[in-house]
Every structure is written in structure tokens, then in C-alpha cells.
$ cat data.tsv   # TSV, C-alpha atoms
chain	number	residue	atom	x	y	z
A	89	MET	CA	25.71	13.56	12.08
A	90	LEU	CA	25.64	11.41	8.98
A	91	THR	CA	24.94	7.73	9.44
A	92	HIS	CA	27.03	5.47	7.24
A	93	THR	CA	25.71	2.15	6.03
A	94	LEU	CA	27.59	-0.93	4.94
A	95	ILE	CA	26.06	-0.53	1.48
A	96	SER	CA	26.00	3.13	0.53
A	97	PRO	CA	23.02	4.66	-1.29
A	98	ASP	CA	25.07	5.10	-4.49
A	99	TRP	CA	26.36	1.50	-4.54
A	100	THR	CA	23.53	0.67	-6.89
A	101	PHE	CA	24.42	-2.84	-8.03
A	102	ALA	CA	24.98	-4.08	-4.49
A	103	LEU	CA	21.76	-2.46	-3.31
A	104	TRP	CA	19.77	-4.03	-6.13
A	105	ALA	CA	21.34	-7.39	-5.23
A	106	VAL	CA	20.06	-7.02	-1.67
A	107	MET	CA	16.61	-5.92	-2.85
A	108	LEU	CA	16.35	-8.86	-5.23
A	109	GLY	CA	17.74	-11.18	-2.58
A	110	LEU	CA	14.95	-10.16	-0.21
A	111	THR	CA	12.44	-10.63	-3.01
A	112	VAL	CA	13.78	-14.13	-3.67
A	113	PHE	CA	13.54	-14.78	0.07
A	114	ALA	CA	9.89	-13.63	0.03
A	115	PHE	CA	8.94	-15.94	-2.84
A	116	TRP	CA	10.88	-18.84	-1.36
A	117	SER	CA	9.33	-18.34	2.07
A	118	GLU	CA	5.88	-18.88	0.57
A	119	THR	CA	6.85	-22.49	-0.15
A	120	THR	CA	7.35	-23.01	3.60
A	121	ASN	CA	4.77	-23.35	6.36
A	122	LEU	CA	5.91	-20.10	8.00
A	123	GLY	CA	5.75	-18.16	4.75
A	124	ARG	CA	2.30	-19.45	3.88
A	125	THR	CA	1.10	-18.54	7.37
A	126	VAL	CA	2.71	-15.11	7.75
A	127	SER	CA	3.12	-14.28	4.01
A	128	GLY	CA	6.27	-13.56	2.05
A	129	VAL	CA	5.28	-9.89	1.77
A	130	ALA	CA	5.34	-9.39	5.54
A	131	LEU	CA	8.60	-11.32	5.95
A	132	ALA	CA	10.29	-9.28	3.22
A	133	MET	CA	9.18	-6.01	4.82
A	134	ILE	CA	10.37	-7.07	8.27
A	135	ALA	CA	13.73	-8.27	6.92
A	136	ALA	CA	14.27	-5.01	5.00
A	137	MET	CA	13.30	-2.97	8.07
A	138	ILE	CA	15.85	-4.82	10.20
A	139	LEU	CA	18.64	-4.45	7.63
A	140	SER	CA	18.07	-0.70	7.25
A	141	ASN	CA	17.80	0.00	10.97
A	142	VAL	CA	21.06	-1.81	11.78
A	143	ASN	CA	22.69	0.27	9.00
A	144	LEU	CA	23.46	-2.55	6.60
A	145	ILE	CA	21.46	-0.86	3.84
A	146	PRO	CA	20.36	2.79	3.52
A	147	LYS	CA	16.85	4.01	4.29
A	148	SER	CA	16.74	6.05	1.09
A	149	ALA	CA	18.58	5.64	-2.20
A	150	PRO	CA	18.17	6.35	-5.93
A	151	ALA	CA	17.39	2.66	-6.44
A	152	TYR	CA	14.42	2.96	-4.09
A	153	SER	CA	13.19	6.03	-5.94
A	154	LEU	CA	13.28	4.08	-9.20
A	155	VAL	CA	10.99	1.44	-7.69
A	156	TRP	CA	8.56	4.08	-6.41
A	157	SER	CA	8.58	6.21	-9.54
A	158	TYR	CA	8.68	3.59	-12.30
A	159	LEU	CA	8.14	-0.01	-11.22
A	160	VAL	CA	5.01	0.65	-9.13
A	161	PRO	CA	3.15	2.54	-11.89
A	162	LEU	CA	4.34	-0.06	-14.41
A	163	ALA	CA	3.03	-2.87	-12.22
A	164	ILE	CA	-0.50	-1.51	-11.95
A	165	PRO	CA	-1.50	-2.18	-15.60
A	166	LEU	CA	0.21	-5.58	-15.47
A	167	LEU	CA	-1.95	-6.49	-12.48
A	168	LEU	CA	-5.14	-5.11	-14.01
A	169	PHE	CA	-5.08	-6.42	-17.59
A	170	LYS	CA	-7.58	-9.11	-16.61
A	171	ALA	CA	-9.79	-6.76	-14.56
A	172	ASP	CA	-13.22	-7.62	-15.95
A	173	LEU	CA	-15.52	-5.18	-14.14
A	174	ARG	CA	-18.59	-7.24	-14.98
A	175	ARG	CA	-17.21	-9.85	-12.61
A	176	ILE	CA	-15.29	-7.70	-10.12
A	177	ILE	CA	-17.93	-5.12	-9.14
A	178	PRO	CA	-20.59	-7.59	-7.93
A	179	GLU	CA	-17.94	-9.52	-5.98
A	180	THR	CA	-16.46	-6.51	-4.11
A	181	LYS	CA	-19.39	-4.26	-3.32
A	182	GLY	CA	-18.55	-4.51	0.38
A	183	MET	CA	-15.21	-2.72	-0.06
A	184	PHE	CA	-16.77	0.72	-0.38
A	185	ALA	CA	-18.59	0.23	2.93
A	186	ALA	CA	-15.30	-0.85	4.53
A	187	PHE	CA	-13.58	2.21	3.09
A	188	LEU	CA	-16.21	4.49	4.62
A	189	LEU	CA	-15.82	2.73	7.97
A	190	GLY	CA	-12.07	3.27	7.85
A	191	THR	CA	-12.52	6.97	7.07
A	192	VAL	CA	-14.95	7.40	9.95
A	193	GLY	CA	-12.47	5.65	12.25
A	194	THR	CA	-9.71	7.99	11.11
A	195	VAL	CA	-11.83	11.07	11.90
A	196	ILE	CA	-12.82	9.71	15.32
A	197	GLY	CA	-9.21	8.89	16.16
A	198	THR	CA	-8.04	12.34	15.06
A	199	VAL	CA	-10.58	14.18	17.21
A	200	LEU	CA	-9.93	11.87	20.17
A	201	GLY	CA	-6.17	12.39	19.90
A	202	VAL	CA	-6.55	16.16	19.87
A	203	LEU	CA	-8.80	16.02	22.95
A	204	ILE	CA	-6.66	13.75	25.12
A	205	LEU	CA	-3.08	14.57	24.10
A	206	PRO	CA	-1.13	17.77	24.92
A	207	LEU	CA	-0.40	18.69	21.31
A	208	GLY	CA	-0.22	22.41	22.03
A	209	GLU	CA	-0.85	25.15	19.51
A	210	ASP	CA	0.00	22.82	16.62
A	211	GLY	CA	-2.77	20.36	17.48
A	212	ALA	CA	-5.17	21.54	14.77
A	213	LYS	CA	-2.48	21.43	12.10
A	214	LEU	CA	-1.40	17.95	13.18
A	215	ALA	CA	-5.03	16.87	13.03
A	216	GLY	CA	-5.23	18.17	9.48
A	217	ILE	CA	-2.14	16.49	8.13
A	218	PHE	CA	-2.65	13.14	9.90
A	219	SER	CA	-6.35	12.83	9.09
A	220	ALA	CA	-5.42	13.45	5.46
A	221	THR	CA	-2.57	10.95	5.62
A	222	TYR	CA	-4.77	8.16	6.95
A	223	THR	CA	-7.55	8.87	4.48
A	224	GLY	CA	-5.52	9.11	1.29
A	225	GLY	CA	-1.86	8.42	1.98
A	226	SER	CA	1.42	10.26	2.54
A	227	MET	CA	0.97	12.35	-0.60
A	228	ASN	CA	-1.94	14.08	1.09
A	229	MET	CA	0.17	14.85	4.17
A	230	ALA	CA	2.45	17.01	2.04
A	231	ALA	CA	-0.45	18.71	0.28
A	232	VAL	CA	-2.36	19.54	3.47
A	233	GLY	CA	0.86	20.57	5.22
A	234	GLU	CA	1.48	23.10	2.50
A	235	ALA	CA	-2.12	24.30	2.61
A	236	LEU	CA	-1.98	24.79	6.39
A	237	GLN	CA	1.55	26.29	6.27
A	238	VAL	CA	2.93	23.71	8.69
A	239	ASP	CA	6.45	24.47	9.94
A	240	SER	CA	9.13	22.42	8.19
A	241	ALA	CA	10.52	21.05	11.48
A	242	LEU	CA	7.05	19.88	12.54
A	243	MET	CA	6.55	18.30	9.13
A	244	ALA	CA	9.85	16.43	9.45
A	245	VAL	CA	8.84	14.98	12.81
A	246	SER	CA	5.38	14.11	11.47
A	247	VAL	CA	6.85	12.32	8.46
A	248	ALA	CA	9.17	10.33	10.75
A	249	ALA	CA	6.27	9.36	13.01
A	250	ASP	CA	4.08	8.40	10.06
A	251	SER	CA	6.92	6.39	8.55
A	252	VAL	CA	7.16	4.02	11.50
A	253	VAL	CA	3.52	3.97	12.66
A	254	GLY	CA	2.26	3.62	9.10
A	255	LYS	CA	4.66	0.85	8.20
A	256	THR	CA	4.06	-0.99	11.48
A	257	TYR	CA	0.35	-0.83	10.67
A	258	LEU	CA	1.07	-2.16	7.17
A	259	VAL	CA	3.08	-5.12	8.50
A	260	PHE	CA	0.26	-5.86	10.96
A	261	MET	CA	-2.30	-5.82	8.15
A	262	ALA	CA	-0.14	-8.19	6.11
A	263	LEU	CA	0.01	-10.55	9.10
A	264	ILE	CA	-3.75	-10.60	9.75
A	265	PRO	CA	-4.46	-13.62	7.50
A	266	ALA	CA	-2.29	-15.64	9.88
A	267	LEU	CA	-4.45	-14.69	12.90
A	268	GLY	CA	-6.88	-17.56	13.22
A	269	ILE	CA	-8.96	-15.86	15.93
A	270	LEU	CA	-9.69	-12.83	13.76
A	271	ARG	CA	-10.43	-14.99	10.74
A	272	ARG	CA	-12.96	-16.97	12.73
A	273	TRP	CA	-14.49	-13.79	14.11
A	274	LEU	CA	-14.66	-12.17	10.66
A	275	PRO	CA	-14.68	-14.93	7.99
A	276	SER	CA	-13.26	-14.46	4.50
A	277	ALA	CA	-14.23	-16.52	1.48
A	278	ILE	CA	-11.60	-14.62	-0.52
A	279	MET	CA	-8.81	-15.66	1.87
A	280	ASP	CA	-10.02	-19.26	1.88
A	281	GLN	CA	-9.93	-19.35	-1.91
A	282	ALA	CA	-6.44	-17.78	-1.99
A	283	ASP	CA	-5.23	-20.38	0.52
A	284	ARG	CA	-6.47	-23.18	-1.71
A	285	GLU	CA	-4.79	-21.61	-4.73
A	286	GLY	CA	-1.57	-21.21	-2.74
A	287	GLU	CA	-1.58	-24.89	-1.87
A	288	GLU	CA	-2.06	-25.74	-5.54
A	289	VAL	CA	0.87	-23.49	-6.47
A	290	VAL	CA	3.12	-25.23	-3.94
A	291	SER	CA	1.97	-28.70	-5.01
A	292	HIS	CA	2.82	-27.88	-8.63
A	293	ALA	CA	6.04	-26.01	-7.83
A	294	THR	CA	8.22	-28.69	-9.43
A	295	GLU	CA	6.35	-28.60	-12.74
A	296	THR	CA	8.05	-27.05	-15.74
A	297	VAL	CA	6.71	-23.62	-16.62
A	298	SER	CA	7.35	-22.21	-20.09
A	299	LEU	CA	7.90	-18.47	-20.37
A	300	ASN	CA	6.08	-16.85	-23.25
A	301	LEU	CA	8.50	-14.03	-24.07
A	302	LEU	CA	6.20	-12.65	-26.76
A	303	HIS	CA	3.39	-12.22	-24.22
A	304	ILE	CA	5.68	-10.80	-21.53
A	305	SER	CA	7.32	-8.28	-23.84
A	306	PHE	CA	3.95	-7.23	-25.27
A	307	SER	CA	2.54	-6.83	-21.73
A	308	LEU	CA	5.46	-4.61	-20.74
A	309	LEU	CA	5.11	-2.60	-23.95
A	310	LEU	CA	1.40	-2.08	-23.34
A	311	SER	CA	1.95	-1.19	-19.68
A	312	LEU	CA	4.67	1.33	-20.52
A	313	SER	CA	2.47	2.88	-23.19
A	314	ILE	CA	-0.45	3.20	-20.79
A	315	CYS	CA	1.79	4.80	-18.15
A	316	ALA	CA	3.17	7.25	-20.70
A	317	VAL	CA	-0.29	8.29	-21.91
A	318	GLY	CA	-1.68	8.36	-18.36
A	319	TYR	CA	0.99	10.65	-16.94
A	320	ALA	CA	0.99	12.83	-20.05
A	321	SER	CA	-2.78	13.28	-19.74
A	322	ALA	CA	-2.50	14.13	-16.04
A	323	ASN	CA	0.27	16.67	-16.70
A	324	PHE	CA	-1.68	18.23	-19.57
A	325	LEU	CA	-4.70	18.74	-17.31
A	326	GLY	CA	-2.56	20.11	-14.49
A	327	VAL	CA	-3.21	17.22	-12.09
A	328	SER	CA	0.12	15.38	-12.31
A	329	ASN	CA	-0.23	13.97	-8.78
A	330	TYR	CA	-3.21	11.95	-9.95
A	331	GLY	CA	-1.47	10.22	-12.83
A	332	ILE	CA	-2.27	6.87	-11.27
A	333	LEU	CA	-5.97	7.59	-11.78
A	334	PHE	CA	-5.44	7.99	-15.52
A	335	ILE	CA	-3.28	4.86	-15.67
A	336	THR	CA	-5.96	2.88	-13.87
A	337	ALA	CA	-8.77	4.23	-16.06
A	338	LEU	CA	-6.88	3.48	-19.27
A	339	THR	CA	-5.96	-0.03	-18.14
A	340	VAL	CA	-9.49	-0.87	-17.04
A	341	ALA	CA	-10.78	0.46	-20.37
A	342	VAL	CA	-8.37	-1.77	-22.31
A	343	ALA	CA	-9.18	-4.76	-20.10
A	344	ASN	CA	-12.92	-4.37	-20.64
A	345	LEU	CA	-12.79	-3.45	-24.33
A	346	PHE	CA	-10.59	-6.46	-25.15
A	347	PRO	CA	-11.36	-9.02	-22.40
A	348	LYS	CA	-10.73	-12.12	-24.55
A	349	GLN	CA	-7.37	-10.86	-25.79
A	350	MET	CA	-6.25	-9.84	-22.29
A	351	MET	CA	-7.26	-13.19	-20.82
A	352	LYS	CA	-4.92	-14.92	-23.27
A	353	LEU	CA	-1.85	-13.03	-22.03
A	354	GLU	CA	0.62	-15.11	-20.03
A	355	GLY	CA	3.09	-13.81	-17.49
A	356	ASP	CA	1.68	-10.29	-17.14
A	357	TYR	CA	0.28	-10.77	-13.64
A	358	GLU	CA	3.40	-12.58	-12.43
A	359	ILE	CA	5.72	-9.78	-13.62
A	360	GLY	CA	3.47	-7.24	-11.89
A	361	MET	CA	3.65	-9.24	-8.67
A	362	PHE	CA	7.44	-9.36	-8.92
A	363	PHE	CA	7.58	-5.55	-9.16
A	364	MET	CA	5.24	-5.20	-6.20
A	365	TYR	CA	7.36	-7.50	-4.02
A	366	LEU	CA	10.31	-5.22	-4.76
A	367	PHE	CA	8.11	-2.32	-3.71
A	368	PHE	CA	7.42	-3.90	-0.31
A	369	VAL	CA	11.14	-4.43	0.24
A	370	VAL	CA	11.64	-0.69	-0.36
A	371	VAL	CA	8.76	0.16	1.99
A	372	GLY	CA	10.36	-1.87	4.76
A	373	ALA	CA	13.80	-0.39	4.16
A	374	GLY	CA	12.44	3.15	4.50
A	375	ALA	CA	11.12	2.73	8.07
A	376	ASP	CA	13.42	4.79	10.32
A	377	VAL	CA	12.73	3.44	13.81
A	378	ILE	CA	15.61	5.30	15.48
A	379	LYS	CA	14.58	8.67	14.05
A	380	MET	CA	11.07	8.11	15.29
A	381	PHE	CA	12.20	7.51	18.87
A	382	ASP	CA	14.51	10.50	18.71
A	383	SER	CA	11.60	12.70	17.60
A	384	ALA	CA	8.56	13.88	19.50
A	385	LEU	CA	6.97	10.69	20.83
A	386	ILE	CA	3.72	12.55	21.47
A	387	ILE	CA	3.20	12.78	17.71
A	388	VAL	CA	3.92	9.09	17.35
A	389	LEU	CA	1.27	8.42	20.00
A	390	PHE	CA	-1.15	10.70	18.15
A	391	ALA	CA	-0.64	8.76	14.91
A	392	ALA	CA	-1.01	5.46	16.77
A	393	ILE	CA	-4.33	6.56	18.31
A	394	ILE	CA	-5.68	7.46	14.88
A	395	ILE	CA	-4.67	4.11	13.39
A	396	LEU	CA	-6.06	2.21	16.40
A	397	CYS	CA	-9.45	3.95	16.15
A	398	HIS	CA	-9.41	3.38	12.39
A	399	LEU	CA	-8.95	-0.36	12.93
A	400	ILE	CA	-11.51	-0.66	15.76
A	401	VAL	CA	-14.25	1.07	13.77
A	402	LEU	CA	-13.31	-0.86	10.63
A	403	PHE	CA	-13.40	-4.32	12.17
A	404	LEU	CA	-16.41	-3.76	14.42
A	405	GLY	CA	-18.34	-2.24	11.51
A	406	SER	CA	-17.26	-5.05	9.18
A	407	ARG	CA	-18.42	-7.60	11.70
A	408	LEU	CA	-21.79	-5.83	12.02
A	409	LEU	CA	-22.23	-5.59	8.24
A	410	LYS	CA	-20.85	-9.12	7.70
A	411	LEU	CA	-18.13	-7.93	5.31
A	412	ASP	CA	-15.33	-10.15	4.06
A	413	LEU	CA	-12.11	-9.80	6.09
A	414	ALA	CA	-9.95	-9.55	2.95
A	415	GLU	CA	-12.13	-6.72	1.63
A	416	ALA	CA	-11.86	-4.92	4.97
A	417	ILE	CA	-8.05	-5.23	4.98
A	418	ILE	CA	-7.55	-3.92	1.44
A	419	ALA	CA	-10.12	-1.13	1.88
A	420	SER	CA	-8.31	-0.08	5.06
A	421	ILE	CA	-4.94	0.03	3.31
A	422	ALA	CA	-6.44	1.95	0.38
A	423	CYS	CA	-7.73	4.45	2.93
A	424	ALA	CA	-4.60	4.73	5.09
A	425	SER	CA	-1.76	4.03	2.66
A	426	GLY	CA	-3.03	4.78	-0.84
A	427	PRO	CA	-3.85	2.81	-4.00
A	428	SER	CA	-0.40	1.50	-4.88
A	429	VAL	CA	0.16	-0.12	-1.50
A	430	ALA	CA	-3.38	-1.55	-1.38
A	431	ALA	CA	-3.06	-3.00	-4.87
A	432	ALA	CA	0.37	-4.40	-4.03
A	433	LEU	CA	-0.84	-6.22	-0.93
A	434	ALA	CA	-3.89	-7.56	-2.77
A	435	ALA	CA	-1.57	-8.90	-5.46
A	436	GLY	CA	0.89	-10.32	-2.92
A	437	LYS	CA	-1.92	-12.17	-1.15
A	438	ARG	CA	-3.34	-13.42	-4.49
A	439	TRP	CA	-6.65	-11.62	-3.90
A	440	ARG	CA	-6.91	-10.78	-7.59
A	441	ALA	CA	-10.54	-9.61	-7.51
A	442	LEU	CA	-9.60	-6.86	-5.04
A	443	ILE	CA	-6.81	-5.20	-7.03
A	444	THR	CA	-8.96	-2.91	-9.19
A	445	PRO	CA	-11.25	-1.83	-6.32
A	446	ALA	CA	-8.12	-1.20	-4.21
A	447	VAL	CA	-6.78	1.26	-6.77
A	448	MET	CA	-10.19	2.91	-7.25
A	449	LEU	CA	-10.78	3.37	-3.53
A	450	GLY	CA	-7.21	4.57	-3.00
A	451	VAL	CA	-7.69	7.23	-5.66
A	452	LEU	CA	-10.98	8.21	-4.01
A	453	GLY	CA	-8.97	8.67	-0.82
A	454	TYR	CA	-6.56	10.95	-2.69
A	455	VAL	CA	-9.49	13.08	-3.77
A	456	VAL	CA	-11.29	13.47	-0.43
A	457	ALA	CA	-8.31	13.50	1.96
A	458	ASN	CA	-7.16	17.06	1.31
A	459	PHE	CA	-10.66	18.43	1.82
A	460	LEU	CA	-11.11	16.38	4.98
A	461	GLY	CA	-7.74	17.41	6.44
A	462	VAL	CA	-8.20	21.13	5.87
A	463	THR	CA	-11.79	21.00	7.18
A	464	LEU	CA	-10.80	19.19	10.39
A	465	ALA	CA	-7.90	21.58	10.98
A	466	THR	CA	-10.25	24.53	10.57
A	467	LEU	CA	-12.90	23.11	12.93
A	468	LEU	CA	-10.37	22.17	15.61
A	469	SER	CA	-8.34	25.38	15.51
$ encode --input "data.tsv" --output "C-alpha cells"
Amino acid sequence: MLTHTLISPDWTFALWAVMLGLTVFAFWSETTNLGRTVSGVALAMIAAMILSNVNLIPKSAPAYSLVWSYLVPLAIPLLLFKADLRRIIPETKGMFAAFLLGTVGTVIGTVLGVLILPLGEDGAKLAGIFSATYTGGSMNMAAVGEALQVDSALMAVSVAADSVVGKTYLVFMALIPALGILRRWLPSAIMDQADREGEEVVSHATETVSLNLLHISFSLLLSLSICAVGYASANFLGVSNYGILFITALTVAVANLFPKQMMKLEGDYEIGMFFMYLFFVVVGAGADVIKMFDSALIIVLFAAIIILCHLIVLFLGSRLLKLDLAEAIIASIACASGPSVAAALAAGKRWRALITPAVMLGVLGYVVANFLGVTLATLLS
């Protein structure tokens, strides 16, 4: 039975108005005590999730696809134009260790879930697709599902379970900076610095800001050009799914070949952040809670066990290695949700030094996840 929403998927102008309204709400909320504590990103995702699950807005629409397909890739160069690797690499060396911890946690959770849950004859295949999903992202779920010849009905249930569990995990990760106990247990100099910068932004909110349209238009031109060349290169080499890797590499090359010129640009980072806030609204709107509860709850529990083990290993290991909490969060998201989401959250939290490593680690997850998923499925079958 079709579910009708107050705003239909093809009512594009109204849907964009809602998306932009939630984005405005996110930015405005960060001028309030609640928004600075919880973050506008998390509030926007929660609001979008509520609106879609009470059928005020659709869970999928062409407007959402435009954000995924165009605005997210376009935002990545805008966020990385000032990515000076000579400064970033020494400051974020702990992220790779956190990424490895997250991957180990995913594997442990997958094996544990198979051992304790009655998954039946599909257990090995579920292990393959979910271990891949929480190592590289949803793209890897589809790839491993095809490789393992997973039944379409099982894939549909798995996607529904991942949609809610994965997005609940993402909202939780966005809320972590507000958890004082965890921040005391695992300190973060990066978060402390971002908090100070946020206070400065609020204190100067009434100041007049001049928009440099020349810089903004040039930044968009350069970003579009990089995306065009990046995707064309990926398609030419037969690896179109990894176009984001080429975009990232080209952007980082430009940023490091012309660091002085890139540092002079004004408005590029802010436009990129705006696109990423729209992305988080779309992520929240796509979470189908009702479909998840109507589907096989055992698969939802399986996904939850994997995520829980991922987080336990990540945070305990980060505590042992004395890693920065912000690095652990972004490395975890790069591992479990992919580079775009990790870069978006890093941008939304104003952890600028973590954006480039987030994309790099997310792409690494893309590369290893398929191999890991197929290998685990084979060993557990």
C-alpha cells in the first residue's frame, strides 16, 4: 500500500522549502545554548526524521537525489581548498589508529552476532554485507550483496535495518560532544578549540559580513571543474564508484600546489558547509523507522550488535592509546558511514583539520570493505 505524504516527492519547490527551512533552523539553533550543546546538525537530522516518519515529507524524492548526487561531491572541494597537508597530517595521525580500531570492532561484532543470533542459513551472507557496510558504507553493502548473490527480499530488509540503525548511530555520534562524561573520560583538544571558535562566532554574529561574489563564484567554478574531471577520470578507468577519490586527490593537489592562493579565498568553506547541512537534512528524512519495525527485527538486532561492538572497541582503544575524541568520532563515521558523511560531520562541527583525513579514511574503507565482507562470509559459511 502506498503511503501518501503531505508534501509529495514531486512537489519540488515545497520540498526544497522544507529542506532549506530545516537548514535555517540548524544554523539558527547554533546561536542558542541547546544548539551549541547538541549541535545544529543533530537537531536538523532529528527534525527531518520526525517529519518524514509522520508523513509530512517523503522519505525519498528527486530533490534528495540531487543533494546526494551533486551537492555532496560539490561540497568536498569547497571544504578542502585550504587542506594544507603539511599541517594536517602531523595533527591527525591518531585517526588512522582509530579507524583500525573501528574496523576491528566491526569484525568482532559481526562474528559475535552470527554466533549468538538465530540468523539461519543466511547468516554468513548477512555477515558479509553488514561487515562491509560498517567498514566502508552503504555502497559496499550493495557491492557485496551482488557478489554473494543475496536474495533481493533479504537485501531490502537489510537496507531498511541499516537505514535506521545506521542513522541512529549517526545521530548519537553527532550528540557525543554534548556528553560531558565521555569528554572528560576521553578529552579532545580539537573539540575544545571548536567550542572556543563557536563562541567567537556567536559573539560576532551581529557584525556585518561582506560577501565576496568573485571569490564565491570562482570557488564554485573550480569545485565544479574538479568534480567533472574527477568523475570523468574514474569513468575512464572503469572505477566510477570511486569518483570521490579522484575528486579528493585533485582538490588536495590544488590546495597544496597553490596554498597561498587558496588561503585567500573567502566564502568557499561556508558554502560547502551549507551544502553539507542540506545533506544531513536528507539523511534524516530517509530514515524509515516504521519499515524497520515491520521488517525482520532480528536483522536490526544484528546490525545493532555490530555497531555496539564497533563503538566499544573504538572508545576503549582510543582511551588506551590516548587518542583525541573528535578524531575517534570522525574515524568511526568514516569507517561505518563513508567519506562524505564523515567529512560533512567534521565540517558541521567546525573540526576543519579532520575533513581531509575523514575523506581519505572513508575512501580507504571503500577499498577494503568489499574484500573484508566477502572474506568473512566465506569463513562463516
$ closest_residue --input "data.tsv" --among "A:Leu366, A:Asn121, A:Ile386, A:Ala212" --to "Leu467 (chain A)" --atoms "all atoms listed in the file"
A:Ala212
$ closest_residue --input "data.tsv" --among "A:Val327, A:Ala230, A:Ile378, A:Ala163" --to "Val252 (chain A)" --atoms "only C-alpha atoms"
A:Ile378
$ residues_around --input "data.tsv" --residues "Ile196 (chain A)" --least-positions-apart "5" --cutoff "10 Å" --atoms "all atoms listed in the file" --output "JSON, numbers by chain"
{"A": [190, 191, 201, 219, 393, 394, 397, 398, 401]}
$ write_last_selection --input "data.tsv" --atoms "C-alpha atoms" --output "PDB file, keeping the file's coordinate frame"
ATOM      1  CA  GLY A 190     -12.070   3.270   7.850  1.00  0.00           C
ATOM      2  CA  THR A 191     -12.520   6.970   7.070  1.00  0.00           C
ATOM      3  CA  GLY A 201      -6.170  12.390  19.900  1.00  0.00           C
ATOM      4  CA  SER A 219      -6.350  12.830   9.090  1.00  0.00           C
ATOM      5  CA  ILE A 393      -4.330   6.560  18.310  1.00  0.00           C
ATOM      6  CA  ILE A 394      -5.680   7.460  14.880  1.00  0.00           C
ATOM      7  CA  CYS A 397      -9.450   3.950  16.150  1.00  0.00           C
ATOM      8  CA  HIS A 398      -9.410   3.380  12.390  1.00  0.00           C
ATOM      9  CA  VAL A 401     -14.250   1.070  13.770  1.00  0.00           C
TER      10      VAL A 401
END
$ atom_distance --input "data.tsv" --atom1 "CA of Ala343 (chain A)" --atom2 "CA of Leu168 (chain A)"
7.3 Å
$ closest_residue --input "data.tsv" --among "A:Ala441, A:Val370, A:Leu203, A:Leu396" --to "Leu108 (chain A)" --atoms "all atoms listed in the file"
A:Val370
$ atom_distance --input "data.tsv" --atom1 "CA of Phe368 (chain A)" --atom2 "CA of Ala136 (chain A)"
8.7 Å
$ residues_around --input "data.tsv" --residues "Val342 (chain A)" --least-positions-apart "5" --cutoff "12 Å" --atoms "only C-alpha atoms" --output "ChimeraX atom specification"
/A:165-166,168-173,310-311,313-314,335-337,347-351
$ closest_residue --input "data.tsv" --among "A:Met107, A:Leu333, A:Ala262, A:Ile387" --to "Met448 (chain A)" --atoms "all atoms listed in the file"
A:Leu333
$ atom_distance --input "data.tsv" --atom1 "CA of Ala249 (chain A)" --atom2 "CA of Val195 (chain A)"
18.2 Å
$ closest_residue --input "data.tsv" --among "A:Leu413, A:Val369, A:Ala424, A:Leu408" --to "Tyr257 (chain A)" --atoms "all atoms listed in the file"
A:Ala424
$ decode --input "data.tsv" --residues "region 352-409 of chain A" --atoms "C-alpha atoms" --output "short mmCIF file (atom, residue, chain, number, x, y, z; two decimals), in the first residue's frame"
data_model
loop_
_atom_site.label_atom_id
_atom_site.label_comp_id
_atom_site.auth_asym_id
_atom_site.auth_seq_id
_atom_site.Cartn_x
_atom_site.Cartn_y
_atom_site.Cartn_z
CA LYS A 352 42.93 34.00 0.17
CA LEU A 353 39.57 32.62 -0.98
CA GLU A 354 36.57 33.83 1.01
CA GLY A 355 33.25 32.05 1.37
CA ASP A 356 34.30 28.68 -0.07
CA TYR A 357 34.22 26.80 3.23
CA GLU A 358 30.92 28.41 4.28
CA ILE A 359 29.19 27.41 1.02
CA GLY A 360 30.50 23.86 1.45
CA MET A 361 29.11 23.76 4.98
CA PHE A 362 25.74 24.97 3.73
CA PHE A 363 25.59 22.10 1.22
CA MET A 364 26.56 19.60 3.91
CA TYR A 365 23.81 20.80 6.26
CA LEU A 366 21.34 20.15 3.46
CA PHE A 367 22.85 16.69 3.15
CA PHE A 368 22.19 15.94 6.83
CA VAL A 369 18.57 17.02 6.43
CA VAL A 370 18.24 14.49 3.59
CA VAL A 371 19.93 11.78 5.69
CA GLY A 372 17.42 12.32 8.48
CA ALA A 373 14.46 12.35 6.11
CA GLY A 374 15.48 8.99 4.64
CA ALA A 375 15.28 7.05 7.93
CA ASP A 376 12.22 4.78 7.67
CA VAL A 377 11.51 3.78 11.27
CA ILE A 378 8.15 2.13 10.53
CA LYS A 379 9.57 -0.05 7.75
CA MET A 380 12.31 -1.19 10.06
CA PHE A 381 9.87 -2.35 12.74
CA ASP A 382 7.73 -4.06 10.12
CA SER A 383 10.77 -5.97 8.86
CA ALA A 384 12.79 -8.73 10.48
CA LEU A 385 13.81 -7.32 13.85
CA ILE A 386 16.48 -9.99 14.18
CA ILE A 387 18.44 -8.27 11.42
CA VAL A 388 18.03 -4.93 13.15
CA LEU A 389 19.43 -6.53 16.32
CA PHE A 390 22.32 -7.97 14.31
CA ALA A 391 23.19 -4.53 12.92
CA ALA A 392 22.89 -3.00 16.39
CA ILE A 393 25.29 -5.57 17.87
CA ILE A 394 27.87 -4.78 15.19
CA ILE A 395 27.62 -1.03 15.81
CA LEU A 396 27.75 -1.51 19.59
CA CYS A 397 30.92 -3.64 19.38
CA HIS A 398 32.39 -1.14 16.93
CA LEU A 399 31.86 1.68 19.44
CA ILE A 400 33.09 -0.28 22.48
CA VAL A 401 36.35 -1.29 20.80
CA LEU A 402 36.79 2.19 19.35
CA PHE A 403 36.35 4.10 22.60
CA LEU A 404 38.21 1.65 24.83
CA GLY A 405 41.09 1.52 22.34
CA SER A 406 41.10 5.30 21.98
CA ARG A 407 41.24 5.67 25.74
CA LEU A 408 44.15 3.22 25.92
CA LEU A 409 46.05 4.96 23.11
#
